[in-house]
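Shown next: structure_38.cif, containing mmCIF, C-alpha atoms and all ligand atoms.
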data_model
loop_
_atom_site.label_atom_id
_atom_site.label_comp_id
_atom_site.auth_asym_id
_atom_site.auth_seq_id
_atom_site.Cartn_x
_atom_site.Cartn_y
_atom_site.Cartn_z
CA ALA A 1 0.00 0.00 0.00
CA GLU A 2 1.10 3.52 -0.76
CA GLU A 3 2.26 5.35 2.33
CA GLN A 4 0.50 8.62 3.20
CA LEU A 5 2.89 11.31 4.39
CA PRO A 6 1.55 13.93 6.77
CA SER A 7 0.76 17.21 5.06
CA THR A 8 3.50 19.83 5.14
CA ASP A 9 1.22 22.53 3.82
CA LEU A 10 -1.23 23.36 6.59
CA ILE A 11 -3.82 26.03 6.02
CA THR A 12 -4.15 27.91 9.29
CA LEU A 13 -7.05 30.21 9.97
CA THR A 14 -4.87 33.30 9.66
CA ARG A 15 -3.37 32.14 6.38
CA HIS A 16 -6.80 31.31 5.05
CA VAL A 17 -8.38 34.63 6.03
CA LEU A 18 -5.46 36.57 4.58
CA ALA A 19 -5.57 34.61 1.33
CA GLU A 20 -9.32 35.14 1.08
CA GLN A 21 -9.03 38.88 1.60
CA PHE A 22 -6.21 39.07 -0.93
CA ARG A 23 -8.29 37.13 -3.45
CA LEU A 24 -11.23 39.50 -2.98
CA GLY A 25 -9.05 42.57 -3.10
CA SER A 26 -10.60 43.54 0.22
CA ALA A 27 -9.48 46.86 1.63
CA ALA A 28 -9.94 45.80 5.24
CA THR A 29 -7.24 43.11 5.07
CA GLY A 30 -4.83 43.75 7.89
CA ASP A 31 -7.16 45.06 10.57
CA LEU A 32 -9.87 42.43 10.36
CA THR A 33 -7.23 39.70 10.26
CA LEU A 34 -5.60 41.07 13.39
CA LEU A 35 -8.96 41.25 15.13
CA LEU A 36 -9.70 37.67 14.14
CA THR A 37 -6.29 36.67 15.45
CA ALA A 38 -7.17 38.21 18.81
CA ILE A 39 -10.45 36.31 18.83
CA GLN A 40 -8.66 33.06 17.97
CA VAL A 41 -6.37 33.52 20.92
CA THR A 42 -9.32 34.00 23.26
CA SER A 43 -10.85 30.77 21.97
CA LYS A 44 -7.61 28.88 22.63
CA PHE A 45 -7.38 30.38 26.10
CA ILE A 46 -11.02 29.58 26.91
CA ALA A 47 -10.58 26.07 25.47
CA THR A 48 -7.69 25.27 27.83
CA ASN A 49 -9.72 26.52 30.78
CA VAL A 50 -12.73 24.45 29.73
CA ARG A 51 -10.49 21.36 29.55
CA LYS A 52 -9.08 21.99 33.02
CA ALA A 53 -12.29 23.27 34.62
CA ARG A 54 -12.90 20.27 36.83
CA LEU A 55 -9.27 20.16 37.97
CA ILE A 56 -8.73 23.81 38.78
CA ASN A 57 -12.02 24.48 40.53
CA LEU A 58 -13.59 26.33 37.63
CA VAL A 59 -16.95 24.59 37.81
CA GLY A 60 -19.91 26.05 39.64
CA LEU A 61 -21.29 29.49 40.28
CA ALA A 62 -19.43 32.78 40.44
CA GLY A 63 -21.94 34.25 42.88
CA GLU A 64 -23.26 37.06 40.70
CA THR A 65 -26.29 37.46 38.45
CA ASN A 66 -26.11 38.93 34.95
CA VAL A 67 -28.42 41.54 33.43
CA GLN A 68 -30.80 38.83 32.20
CA GLY A 69 -31.18 37.47 35.71
CA GLU A 70 -29.07 34.36 35.09
CA GLU A 71 -26.67 33.12 37.75
CA GLN A 72 -23.20 33.46 36.31
CA LYS A 73 -20.92 30.45 36.30
CA LYS A 74 -17.24 30.89 37.02
CA LEU A 75 -16.49 30.05 33.40
CA ASP A 76 -18.96 32.70 32.16
CA VAL A 77 -17.09 35.36 34.09
CA LEU A 78 -13.62 34.08 33.22
CA SER A 79 -14.42 33.78 29.51
CA ASN A 80 -15.92 37.26 29.50
CA ASP A 81 -12.81 38.72 31.12
CA ILE A 82 -10.53 36.89 28.69
CA MET A 83 -12.41 38.33 25.74
CA VAL A 84 -12.73 41.87 27.02
CA ASN A 85 -9.01 42.04 27.81
CA ALA A 86 -7.87 40.62 24.49
CA LEU A 87 -10.30 42.61 22.36
CA ARG A 88 -9.45 45.86 24.08
CA ALA A 89 -5.72 45.19 23.82
CA SER A 90 -5.98 44.33 20.12
CA GLY A 91 -6.39 48.03 19.38
CA LYS A 92 -8.91 47.08 16.70
CA THR A 93 -12.17 47.57 18.59
CA ALA A 94 -14.35 50.54 19.49
CA VAL A 95 -17.43 48.98 21.13
CA LEU A 96 -17.82 45.65 22.93
CA VAL A 97 -21.09 44.03 23.92
CA SER A 98 -21.07 40.90 26.07
CA GLU A 99 -23.89 38.77 27.42
CA GLU A 100 -22.26 39.07 30.82
CA LEU A 101 -21.99 42.88 30.97
CA ASP A 102 -25.01 45.12 31.58
CA ASP A 103 -23.64 47.93 29.43
CA ALA A 104 -21.60 48.15 26.26
CA ILE A 105 -17.90 48.90 26.73
CA ILE A 106 -16.72 51.93 24.80
CA ILE A 107 -12.99 51.59 24.17
CA GLU A 108 -10.84 54.55 25.16
CA GLU A 109 -9.35 56.61 22.35
CA LYS A 110 -5.79 55.37 22.87
CA LEU A 111 -6.78 51.79 22.00
CA ARG A 112 -9.68 52.50 19.71
CA GLY A 113 -10.04 50.66 16.42
CA LYS A 114 -12.83 50.51 13.88
CA TYR A 115 -14.64 47.31 14.78
CA CYS A 116 -17.39 46.48 17.24
CA VAL A 117 -17.61 42.97 18.65
CA VAL A 118 -20.77 41.50 20.16
CA PHE A 119 -20.25 38.20 21.96
CA ASP A 120 -21.56 35.43 24.12
CA PRO A 121 -18.33 34.49 25.89
CA LEU A 122 -19.57 31.12 27.10
CA ASP A 123 -22.64 29.63 25.50
CA GLY A 124 -24.34 26.65 27.09
CA SER A 125 -23.51 27.49 30.69
CA SER A 126 -25.98 24.93 32.00
CA ASN A 127 -23.88 22.21 30.37
CA ILE A 128 -20.52 23.19 31.87
CA ASP A 129 -20.64 21.11 34.99
CA ALA A 130 -21.62 17.98 33.06
CA GLY A 131 -18.76 18.31 30.58
CA VAL A 132 -21.13 18.69 27.63
CA ASN A 133 -20.17 20.83 24.61
CA ILE A 134 -20.20 24.58 25.12
CA GLY A 135 -18.93 27.47 23.02
CA THR A 136 -18.28 31.12 22.30
CA ILE A 137 -20.31 33.15 19.78
CA PHE A 138 -19.25 36.44 18.17
CA GLY A 139 -20.37 38.96 15.59
CA ILE A 140 -18.37 41.87 14.17
CA TYR A 141 -19.56 45.23 12.86
CA GLN A 142 -17.46 48.04 11.47
CA ILE A 143 -18.16 51.37 13.21
CA GLN A 144 -20.22 53.74 11.16
CA GLU A 145 -18.66 56.45 9.04
CA GLY A 146 -17.46 59.28 11.26
CA SER A 147 -18.36 57.49 14.52
CA GLU A 148 -15.94 57.34 17.43
CA GLY A 149 -17.66 54.25 18.77
CA VAL A 150 -21.12 54.48 20.33
CA VAL A 151 -23.82 51.97 21.20
CA ALA A 152 -25.68 52.94 18.00
CA ASP A 153 -22.84 51.28 16.06
CA VAL A 154 -24.12 47.87 17.21
CA LEU A 155 -27.85 48.62 17.09
CA ARG A 156 -27.84 47.67 13.43
CA PRO A 157 -29.36 44.77 11.52
CA GLY A 158 -27.39 41.55 11.42
CA HIS A 159 -26.93 41.69 7.66
CA GLU A 160 -24.57 44.62 8.26
CA MET A 161 -22.14 42.42 10.18
CA VAL A 162 -18.79 42.01 8.44
CA ALA A 163 -18.04 38.69 10.09
CA ALA A 164 -19.54 36.22 12.53
CA GLY A 165 -18.54 32.93 14.04
CA TYR A 166 -18.38 30.61 16.97
CA THR A 167 -15.97 28.25 18.61
CA MET A 168 -17.32 25.00 19.97
CA TYR A 169 -15.44 23.38 22.81
CA GLY A 170 -16.11 19.70 22.28
CA SER A 171 -13.99 16.63 21.67
CA SER A 172 -11.88 19.21 19.84
CA ALA A 173 -12.18 22.98 19.61
CA ASN A 174 -13.86 23.98 16.34
CA LEU A 175 -13.95 27.53 15.10
CA VAL A 176 -16.54 28.24 12.41
CA LEU A 177 -16.27 31.57 10.66
CA SER A 178 -17.80 33.64 7.90
CA THR A 179 -16.50 36.94 6.65
CA GLY A 180 -19.41 37.18 4.25
CA ASN A 181 -18.12 34.80 1.60
CA GLY A 182 -19.30 31.41 2.72
CA VAL A 183 -18.52 29.51 5.88
CA ASN A 184 -15.34 27.70 6.87
CA GLY A 185 -14.56 25.46 9.81
CA TYR A 186 -11.20 25.15 11.54
CA THR A 187 -10.10 22.62 14.14
CA LEU A 188 -7.62 23.48 16.86
CA ASP A 189 -4.46 21.38 16.60
CA ALA A 190 -3.58 21.59 20.26
CA SER A 191 0.06 20.60 19.71
CA LEU A 192 0.55 23.41 17.18
CA GLY A 193 -1.77 25.83 18.93
CA GLU A 194 -3.28 26.70 15.55
CA PHE A 195 -6.73 26.44 14.06
CA ILE A 196 -6.38 24.38 10.86
CA LEU A 197 -8.85 24.49 7.98
CA THR A 198 -10.75 21.20 8.19
CA HIS A 199 -14.21 22.11 6.89
CA PRO A 200 -13.83 24.33 3.82
CA ASN A 201 -16.97 25.90 2.40
CA ILE A 202 -19.59 24.43 4.71
CA GLN A 203 -22.94 24.04 2.94
CA ILE A 204 -25.96 23.10 4.97
CA PRO A 205 -27.89 20.23 3.31
CA SER A 206 -31.08 21.58 1.73
CA ARG A 207 -33.12 19.18 3.85
CA GLY A 208 -32.34 17.29 7.03
CA LYS A 209 -33.93 14.64 9.22
CA ILE A 210 -33.39 16.21 12.63
CA TYR A 211 -35.35 18.76 14.67
CA SER A 212 -33.84 20.51 17.68
CA PHE A 213 -36.23 22.28 20.05
CA ASN A 214 -36.66 22.30 23.82
CA GLU A 215 -39.95 20.44 23.77
CA GLY A 216 -40.21 20.87 27.52
CA ASN A 217 -41.74 24.21 26.56
CA SER A 218 -44.49 22.53 24.48
CA MET A 219 -47.32 23.73 26.73
CA TYR A 220 -46.35 27.32 25.92
CA PHE A 221 -45.80 26.89 22.17
CA HIS A 222 -47.98 28.81 19.73
CA GLU A 223 -50.07 26.77 17.32
CA PRO A 224 -47.83 27.13 14.24
CA THR A 225 -44.86 25.72 16.19
CA THR A 226 -46.93 22.86 17.57
CA ASN A 227 -48.50 22.08 14.21
CA TYR A 228 -45.14 22.12 12.44
CA LEU A 229 -43.58 19.80 15.02
CA ASN A 230 -46.53 17.44 14.71
CA SER A 231 -46.11 17.41 10.94
CA ILE A 232 -42.54 16.11 11.18
CA LYS A 233 -43.28 13.70 14.03
CA PHE A 234 -46.42 12.27 12.40
CA PRO A 235 -45.66 12.55 8.66
CA ALA A 236 -47.83 11.38 5.80
CA ALA A 237 -47.97 7.62 5.27
CA GLY A 238 -44.76 6.23 3.81
CA LYS A 239 -42.56 9.02 5.15
CA SER A 240 -40.28 8.67 8.18
CA PRO A 241 -40.60 10.95 11.19
CA TYR A 242 -37.71 13.25 12.08
CA SER A 243 -35.25 12.47 14.88
CA ALA A 244 -34.95 14.72 17.93
CA ARG A 245 -31.57 16.08 19.04
CA TYR A 246 -31.31 18.85 21.60
CA ILE A 247 -28.13 19.58 23.52
CA GLY A 248 -29.14 22.87 25.11
CA SER A 249 -25.99 24.68 23.97
CA MET A 250 -26.91 26.78 20.97
CA VAL A 251 -23.39 26.46 19.59
CA ALA A 252 -23.53 22.67 19.61
CA ASP A 253 -27.09 22.48 18.30
CA VAL A 254 -26.34 24.93 15.48
CA HIS A 255 -23.03 23.24 14.66
CA ARG A 256 -24.79 19.92 14.18
CA THR A 257 -27.52 21.63 12.15
CA LEU A 258 -24.95 23.22 9.81
CA LEU A 259 -23.20 19.90 9.23
CA TYR A 260 -26.12 17.46 9.16
CA GLY A 261 -29.03 19.70 8.23
CA GLY A 262 -32.46 19.91 9.82
CA ILE A 263 -34.01 22.63 11.91
CA PHE A 264 -33.09 24.28 15.21
CA GLY A 265 -35.68 26.38 17.01
CA TYR A 266 -36.13 28.49 20.09
CA PRO A 267 -39.50 30.03 19.32
CA GLY A 268 -41.34 32.86 20.92
CA ASP A 269 -44.15 31.34 22.96
CA LYS A 270 -47.03 32.16 25.31
CA LYS A 271 -44.65 32.59 28.22
CA SER A 272 -41.74 34.35 26.51
CA LYS A 273 -42.91 36.49 23.64
CA ASN A 274 -39.46 36.64 22.07
CA GLY A 275 -38.15 33.30 23.22
CA LYS A 276 -34.87 33.10 25.08
CA LEU A 277 -32.02 33.71 22.69
CA ARG A 278 -30.39 37.10 22.52
CA LEU A 279 -30.54 38.92 19.19
CA LEU A 280 -27.13 40.57 19.01
CA TYR A 281 -24.75 37.89 20.16
CA GLU A 282 -26.70 34.66 19.65
CA ALA A 283 -29.36 35.01 16.93
CA PHE A 284 -27.51 37.37 14.56
CA PRO A 285 -24.18 35.52 14.35
CA MET A 286 -25.89 32.15 13.95
CA ALA A 287 -28.35 33.52 11.39
CA PHE A 288 -25.42 35.05 9.47
CA LEU A 289 -23.57 31.72 9.40
CA THR A 290 -26.71 29.77 8.48
CA GLU A 291 -27.50 32.04 5.53
CA GLN A 292 -23.88 32.03 4.42
CA ALA A 293 -24.05 28.22 4.42
CA GLY A 294 -27.15 28.29 2.21
CA GLY A 295 -29.80 27.90 4.91
CA LEU A 296 -32.53 30.15 6.30
CA ALA A 297 -32.98 31.91 9.64
CA THR A 298 -36.36 33.36 10.60
CA THR A 299 -38.41 34.46 13.59
CA GLY A 300 -41.40 32.76 11.96
CA THR A 301 -42.62 36.10 10.66
CA GLY A 302 -39.47 37.66 9.22
CA ARG A 303 -35.79 37.30 8.39
CA ILE A 304 -33.69 37.50 11.54
CA LEU A 305 -30.86 39.43 9.88
CA ASP A 306 -33.25 42.26 8.96
CA ILE A 307 -34.27 43.04 12.54
CA VAL A 308 -33.13 46.45 13.76
CA PRO A 309 -32.14 46.07 17.43
CA THR A 310 -33.33 48.66 19.90
CA SER A 311 -31.33 47.48 22.90
CA ILE A 312 -28.21 45.37 23.29
CA HIS A 313 -29.66 42.48 25.28
CA GLU A 314 -33.01 42.07 23.54
CA ARG A 315 -34.25 38.62 22.64
CA CYS A 316 -35.67 37.20 19.45
CA PRO A 317 -37.49 34.04 18.34
CA VAL A 318 -35.23 31.76 16.29
CA PHE A 319 -35.81 29.08 13.69
CA LEU A 320 -32.82 28.22 11.53
CA GLY A 321 -31.44 25.45 9.40
CA SER A 322 -31.94 23.68 6.10
CA LYS A 323 -33.76 25.74 3.49
CA ASP A 324 -36.53 23.21 2.79
CA ASP A 325 -37.15 22.52 6.47
CA VAL A 326 -37.40 26.20 7.40
CA GLU A 327 -39.68 26.81 4.42
CA ASP A 328 -41.94 24.00 5.65
CA LEU A 329 -42.12 25.67 9.06
CA LEU A 330 -42.88 29.03 7.48
CA LYS A 331 -45.94 27.56 5.76
CA PHE A 332 -47.45 26.97 9.20
CA TYR A 333 -46.73 30.56 10.21
CA GLN A 334 -48.25 31.92 7.02
CA THR A 335 -51.51 30.00 7.27
CA PRO A 336 -53.85 31.86 9.62
CA SER A 337 -54.83 29.40 12.31
P1 LIG A 401 -26.07 30.93 27.68
O1 LIG A 401 -25.50 29.70 28.34
O2 LIG A 401 -25.06 31.71 26.91
O3 LIG A 401 -26.88 31.78 28.63
O4 LIG A 401 -27.05 30.46 26.53
C1 LIG A 401 -27.98 29.46 26.81
C2 LIG A 401 -28.92 29.35 25.68
C3 LIG A 401 -28.42 28.57 24.47
O5 LIG A 401 -27.14 28.10 24.52
C4 LIG A 401 -29.34 27.40 24.38
O6 LIG A 401 -29.71 27.22 23.06
C5 LIG A 401 -30.49 27.75 25.24
O7 LIG A 401 -30.04 28.69 26.16
C6 LIG A 401 -31.05 26.59 25.99
O8 LIG A 401 -32.13 26.98 26.73
P2 LIG A 401 -33.08 25.95 27.50
O9 LIG A 401 -32.30 25.41 28.64
O10 LIG A 401 -34.26 26.78 27.91
O11 LIG A 401 -33.45 24.87 26.50
MN MN A 402 -26.16 33.00 30.12
MN MN A 403 -25.70 31.63 24.87
MN MN A 404 -23.38 32.69 27.63
#

Go through the file and emit its structure as structure tokens.
Amino acid sequence: AEEQLPSTDLITLTRHVLAEQFRLGSAATGDLTLLLTAIQVTSKFIATNVRKARLINLVGLAGETNVQGEEQKKLDVLSNDIMVNALRASGKTAVLVSEELDDAIIIEEKLRGKYCVVFDPLDGSSNIDAGVNIGTIFGIYQIQEGSEGVVADVLRPGHEMVAAGYTMYGSSANLVLSTGNGVNGYTLDASLGEFILTHPNIQIPSRGKIYSFNEGNSMYFHEPTTNYLNSIKFPAAGKSPYSARYIGSMVADVHRTLLYGGIFGYPGDKKSKNGKLRLLYEAFPMAFLTEQAGGLATTGTGRILDIVPTSIHERCPVFLGSKDDVEDLLKFYQTPS
């Protein structure tokens, strides 16, 4: 048998992003790449802490509550601090919005750059202590023409983001990124300390066989949600019902949806009008990635990326995934019931 030599031509995330920007003749080149480098480093740093969490007493509560009334875990706070420090120090940011901070951070002039980063430092907090996959989500805007960095720079529709991504801390750390020209996935080679391109040009299958909802909320669901779910669980004769998969970490549920197809949902319901997920740093980045991968992301009544935020921590109903599956769901929302 022919022997396979290991590759000597690795495509790292930085190399890939630079090559992409060069290919597109993008003007932003250097700055966005440097910002993405800073974000990569935070993901590596958070990943090592996630790995060691049990050993270095990083599991459990931090003792504080965040602006949404959630008890913060130690890893929520640590990951937030890691990101704020690195993003500020990068010199490339002007405004930072984090799930864990009540107010936006406006970067002082000395360190000010032209990008705004909105982020969920640690997504899936409830899964930390059980060692289940968790992640980090981020979205990037460029500050508006003439702005010195104000909250209004991030109160803009998601389609104005210049990049979005997440890192999933699982059996390996996976960083999935879009700078507006498709979606690529990179896997952390821990021995090199580099994210290596492993999933070029991710395309979500046009139809899947999996649905991913917290059905524990069924008693609150509106009729279109319930009717849609029934349609895939009790399909027409001869068709197979969908499988259920729900991890409870958006990053992990969306990652699987991008790779395998199907539909992920956290709908608005009778108890929570806008559902649970936060628009700026959960719904927008994931909607951006889903659309860039060829899928759809909707609230049930409109495209998520077209929403104009009015406050930094607002929530929004989310359905995203394979084009055909989301279109099926939309039929239930369009029929008056
Ligand atoms: P976070 O841990 O950042 O607060 O986000 C939790 C979110 C999201 O990851 C997940 O999709 C959802 O909460 C799960 O909510 P339920 O436990 O209500 O299903
Ligand atoms: Mn939280
Ligand atoms: Mn989250
Ligand atoms: Mn979080």

Which of A:Ser272, A:Gln334, A:Ser98, A:Asn201 sits closest to ligand MN 403 (chain A) [using only C-alpha atoms and all ligand atoms]:
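Selected residue with least distance to ligand MN 403 (chain A): A:Ser98.
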
Write as a count of residues only the residues around ligand MN 403 (chain A), taking 8 Å as the cut-off and counting all atoms listed in the file.
16

For atom CA of A:Phe264 and atom CA of A:Glu291, quote the distance in Å rounded to one decimal.
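The value is 13.6 Å.
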
Please provide the set of residues having any atom within 10 Å of A:Asn227, restricted to only C-alpha atoms, with same-chain residues fewer than 5 positions apart removed, written as a VMD selection string.
chain A and resid 221 to 222 232 to 233 329 332 to 333 337

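With all atoms listed in the file as the atoms that count, the residue of A:Val118, A:Ala94, A:Leu188, A:Leu101 with the shortest distance to A:Val77 is A:Leu101.
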
Would you compute the box with edges along x, y and z of the file around stretch 15-18 of chain A, including every atom the file lists for it and 3 Å extra on each side, and give its centre and edge lengths in Å to one decimal, as JSON?
{"center_x": -5.9, "center_y": 33.9, "center_z": 5.5, "size_x": 11.0, "size_y": 11.3, "size_z": 7.8}

Which of A:Gly262, A:Gly60, A:Gly193, A:Pro224 sits closest to A:Lys73 [using only C-alpha atoms]
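The answer is A:Gly60, which sits nearest to A:Lys73.
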
Give me the residues within 8 Å of A:Ile196 as a list in words, counting all atoms listed in the file and dropping any in the same chain fewer than 4 places off.
Leu10, Ile11, Thr12, Leu13, Tyr186, Thr187, Leu188 and Asp189 of chain A

Restricted to C-alpha atoms, what would the selected residues look like written as a PDB file, keeping the file's coordinate frame?
ATOM      1  CA  LEU A  10      -1.230  23.360   6.590  1.00  0.00           C
ATOM      2  CA  ILE A  11      -3.820  26.030   6.020  1.00  0.00           C
ATOM      3  CA  THR A  12      -4.150  27.910   9.290  1.00  0.00           C
ATOM      4  CA  LEU A  13      -7.050  30.210   9.970  1.00  0.00           C
ATOM      5  CA  TYR A 186     -11.200  25.150  11.540  1.00  0.00           C
ATOM      6  CA  THR A 187     -10.100  22.620  14.140  1.00  0.00           C
ATOM      7  CA  LEU A 188      -7.620  23.480  16.860  1.00  0.00           C
ATOM      8  CA  ASP A 189      -4.460  21.380  16.600  1.00  0.00           C
TER       9      ASP A 189
END

What would stretch 38-64 of chain A look like with N, CA and C atoms restored, written as a PDB file, in the frame of the given file?
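File written: rebuild18.pdb
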ATOM      1  N   ALA A  38      -6.906  38.002  17.378  1.00  0.00           N
ATOM      2  CA  ALA A  38      -7.170  38.210  18.810  1.00  0.00           C
ATOM      3  C   ALA A  38      -8.300  37.292  19.273  1.00  0.00           C
ATOM      4  N   ILE A  39      -9.327  37.167  18.451  1.00  0.00           N
ATOM      5  CA  ILE A  39     -10.450  36.310  18.830  1.00  0.00           C
ATOM      6  C   ILE A  39     -10.020  34.844  18.896  1.00  0.00           C
ATOM      7  N   GLN A  40      -9.191  34.433  17.935  1.00  0.00           N
ATOM      8  CA  GLN A  40      -8.660  33.060  17.970  1.00  0.00           C
ATOM      9  C   GLN A  40      -7.946  32.764  19.266  1.00  0.00           C
ATOM     10  N   VAL A  41      -7.139  33.732  19.685  1.00  0.00           N
ATOM     11  CA  VAL A  41      -6.370  33.520  20.920  1.00  0.00           C
ATOM     12  C   VAL A  41      -7.311  33.352  22.109  1.00  0.00           C
ATOM     13  N   THR A  42      -8.388  34.152  22.144  1.00  0.00           N
ATOM     14  CA  THR A  42      -9.320  34.000  23.260  1.00  0.00           C
ATOM     15  C   THR A  42      -9.957  32.617  23.234  1.00  0.00           C
ATOM     16  N   SER A  43     -10.251  32.107  22.054  1.00  0.00           N
ATOM     17  CA  SER A  43     -10.850  30.770  21.970  1.00  0.00           C
ATOM     18  C   SER A  43      -9.880  29.700  22.467  1.00  0.00           C
ATOM     19  N   LYS A  44      -8.603  29.858  22.151  1.00  0.00           N
ATOM     20  CA  LYS A  44      -7.610  28.880  22.630  1.00  0.00           C
ATOM     21  C   LYS A  44      -7.511  28.954  24.145  1.00  0.00           C
ATOM     22  N   PHE A  45      -7.507  30.158  24.663  1.00  0.00           N
ATOM     23  CA  PHE A  45      -7.380  30.380  26.100  1.00  0.00           C
ATOM     24  C   PHE A  45      -8.605  29.813  26.835  1.00  0.00           C
ATOM     25  N   ILE A  46      -9.795  30.109  26.289  1.00  0.00           N
ATOM     26  CA  ILE A  46     -11.020  29.580  26.910  1.00  0.00           C
ATOM     27  C   ILE A  46     -11.018  28.055  26.809  1.00  0.00           C
ATOM     28  N   ALA A  47     -10.597  27.527  25.655  1.00  0.00           N
ATOM     29  CA  ALA A  47     -10.580  26.070  25.470  1.00  0.00           C
ATOM     30  C   ALA A  47      -9.719  25.379  26.526  1.00  0.00           C
ATOM     31  N   THR A  48      -8.558  25.942  26.824  1.00  0.00           N
ATOM     32  CA  THR A  48      -7.690  25.270  27.830  1.00  0.00           C
ATOM     33  C   THR A  48      -8.346  25.337  29.205  1.00  0.00           C
ATOM     34  N   ASN A  49      -9.039  26.431  29.488  1.00  0.00           N
ATOM     35  CA  ASN A  49      -9.720  26.520  30.780  1.00  0.00           C
ATOM     36  C   ASN A  49     -10.906  25.559  30.871  1.00  0.00           C
ATOM     37  N   VAL A  50     -11.609  25.394  29.753  1.00  0.00           N
ATOM     38  CA  VAL A  50     -12.730  24.450  29.730  1.00  0.00           C
ATOM     39  C   VAL A  50     -12.211  23.044  30.006  1.00  0.00           C
ATOM     40  N   ARG A  51     -11.095  22.698  29.361  1.00  0.00           N
ATOM     41  CA  ARG A  51     -10.490  21.360  29.550  1.00  0.00           C
ATOM     42  C   ARG A  51     -10.125  21.115  31.012  1.00  0.00           C
ATOM     43  N   LYS A  52      -9.596  22.151  31.653  1.00  0.00           N
ATOM     44  CA  LYS A  52      -9.080  21.990  33.020  1.00  0.00           C
ATOM     45  C   LYS A  52     -10.128  22.282  34.088  1.00  0.00           C
ATOM     46  N   ALA A  53     -11.315  22.712  33.665  1.00  0.00           N
ATOM     47  CA  ALA A  53     -12.290  23.270  34.620  1.00  0.00           C
ATOM     48  C   ALA A  53     -12.468  22.439  35.878  1.00  0.00           C
ATOM     49  N   ARG A  54     -12.644  21.149  35.695  1.00  0.00           N
ATOM     50  CA  ARG A  54     -12.900  20.270  36.830  1.00  0.00           C
ATOM     51  C   ARG A  54     -11.689  20.235  37.769  1.00  0.00           C
ATOM     52  N   LEU A  55     -10.507  20.325  37.180  1.00  0.00           N
ATOM     53  CA  LEU A  55      -9.270  20.160  37.970  1.00  0.00           C
ATOM     54  C   LEU A  55      -8.855  21.420  38.712  1.00  0.00           C
ATOM     55  N   ILE A  56      -9.208  22.579  38.151  1.00  0.00           N
ATOM     56  CA  ILE A  56      -8.730  23.810  38.780  1.00  0.00           C
ATOM     57  C   ILE A  56      -9.880  24.596  39.411  1.00  0.00           C
ATOM     58  N   ASN A  57     -10.912  23.859  39.815  1.00  0.00           N
ATOM     59  CA  ASN A  57     -12.020  24.480  40.530  1.00  0.00           C
ATOM     60  C   ASN A  57     -12.697  25.590  39.748  1.00  0.00           C
ATOM     61  N   LEU A  58     -12.930  25.333  38.467  1.00  0.00           N
ATOM     62  CA  LEU A  58     -13.590  26.330  37.630  1.00  0.00           C
ATOM     63  C   LEU A  58     -15.046  25.968  37.359  1.00  0.00           C
ATOM     64  N   VAL A  59     -15.533  24.918  38.000  1.00  0.00           N
ATOM     65  CA  VAL A  59     -16.950  24.590  37.810  1.00  0.00           C
ATOM     66  C   VAL A  59     -17.763  25.299  38.889  1.00  0.00           C
ATOM     67  N   GLY A  60     -19.035  25.459  38.636  1.00  0.00           N
ATOM     68  CA  GLY A  60     -19.910  26.050  39.640  1.00  0.00           C
ATOM     69  C   GLY A  60     -20.138  27.527  39.443  1.00  0.00           C
ATOM     70  N   LEU A  61     -20.815  28.116  40.397  1.00  0.00           N
ATOM     71  CA  LEU A  61     -21.290  29.490  40.280  1.00  0.00           C
ATOM     72  C   LEU A  61     -20.237  30.504  40.701  1.00  0.00           C
ATOM     73  N   ALA A  62     -20.335  31.695  40.078  1.00  0.00           N
ATOM     74  CA  ALA A  62     -19.430  32.780  40.440  1.00  0.00           C
ATOM     75  C   ALA A  62     -20.001  33.615  41.583  1.00  0.00           C
ATOM     76  N   GLY A  63     -21.329  33.500  41.790  1.00  0.00           N
ATOM     77  CA  GLY A  63     -21.940  34.250  42.880  1.00  0.00           C
ATOM     78  C   GLY A  63     -22.648  35.533  42.466  1.00  0.00           C
ATOM     79  N   GLU A  64     -22.582  35.852  41.177  1.00  0.00           N
ATOM     80  CA  GLU A  64     -23.260  37.060  40.700  1.00  0.00           C
ATOM     81  C   GLU A  64     -24.349  36.686  39.691  1.00  0.00           C
TER      82      GLU A  64
END
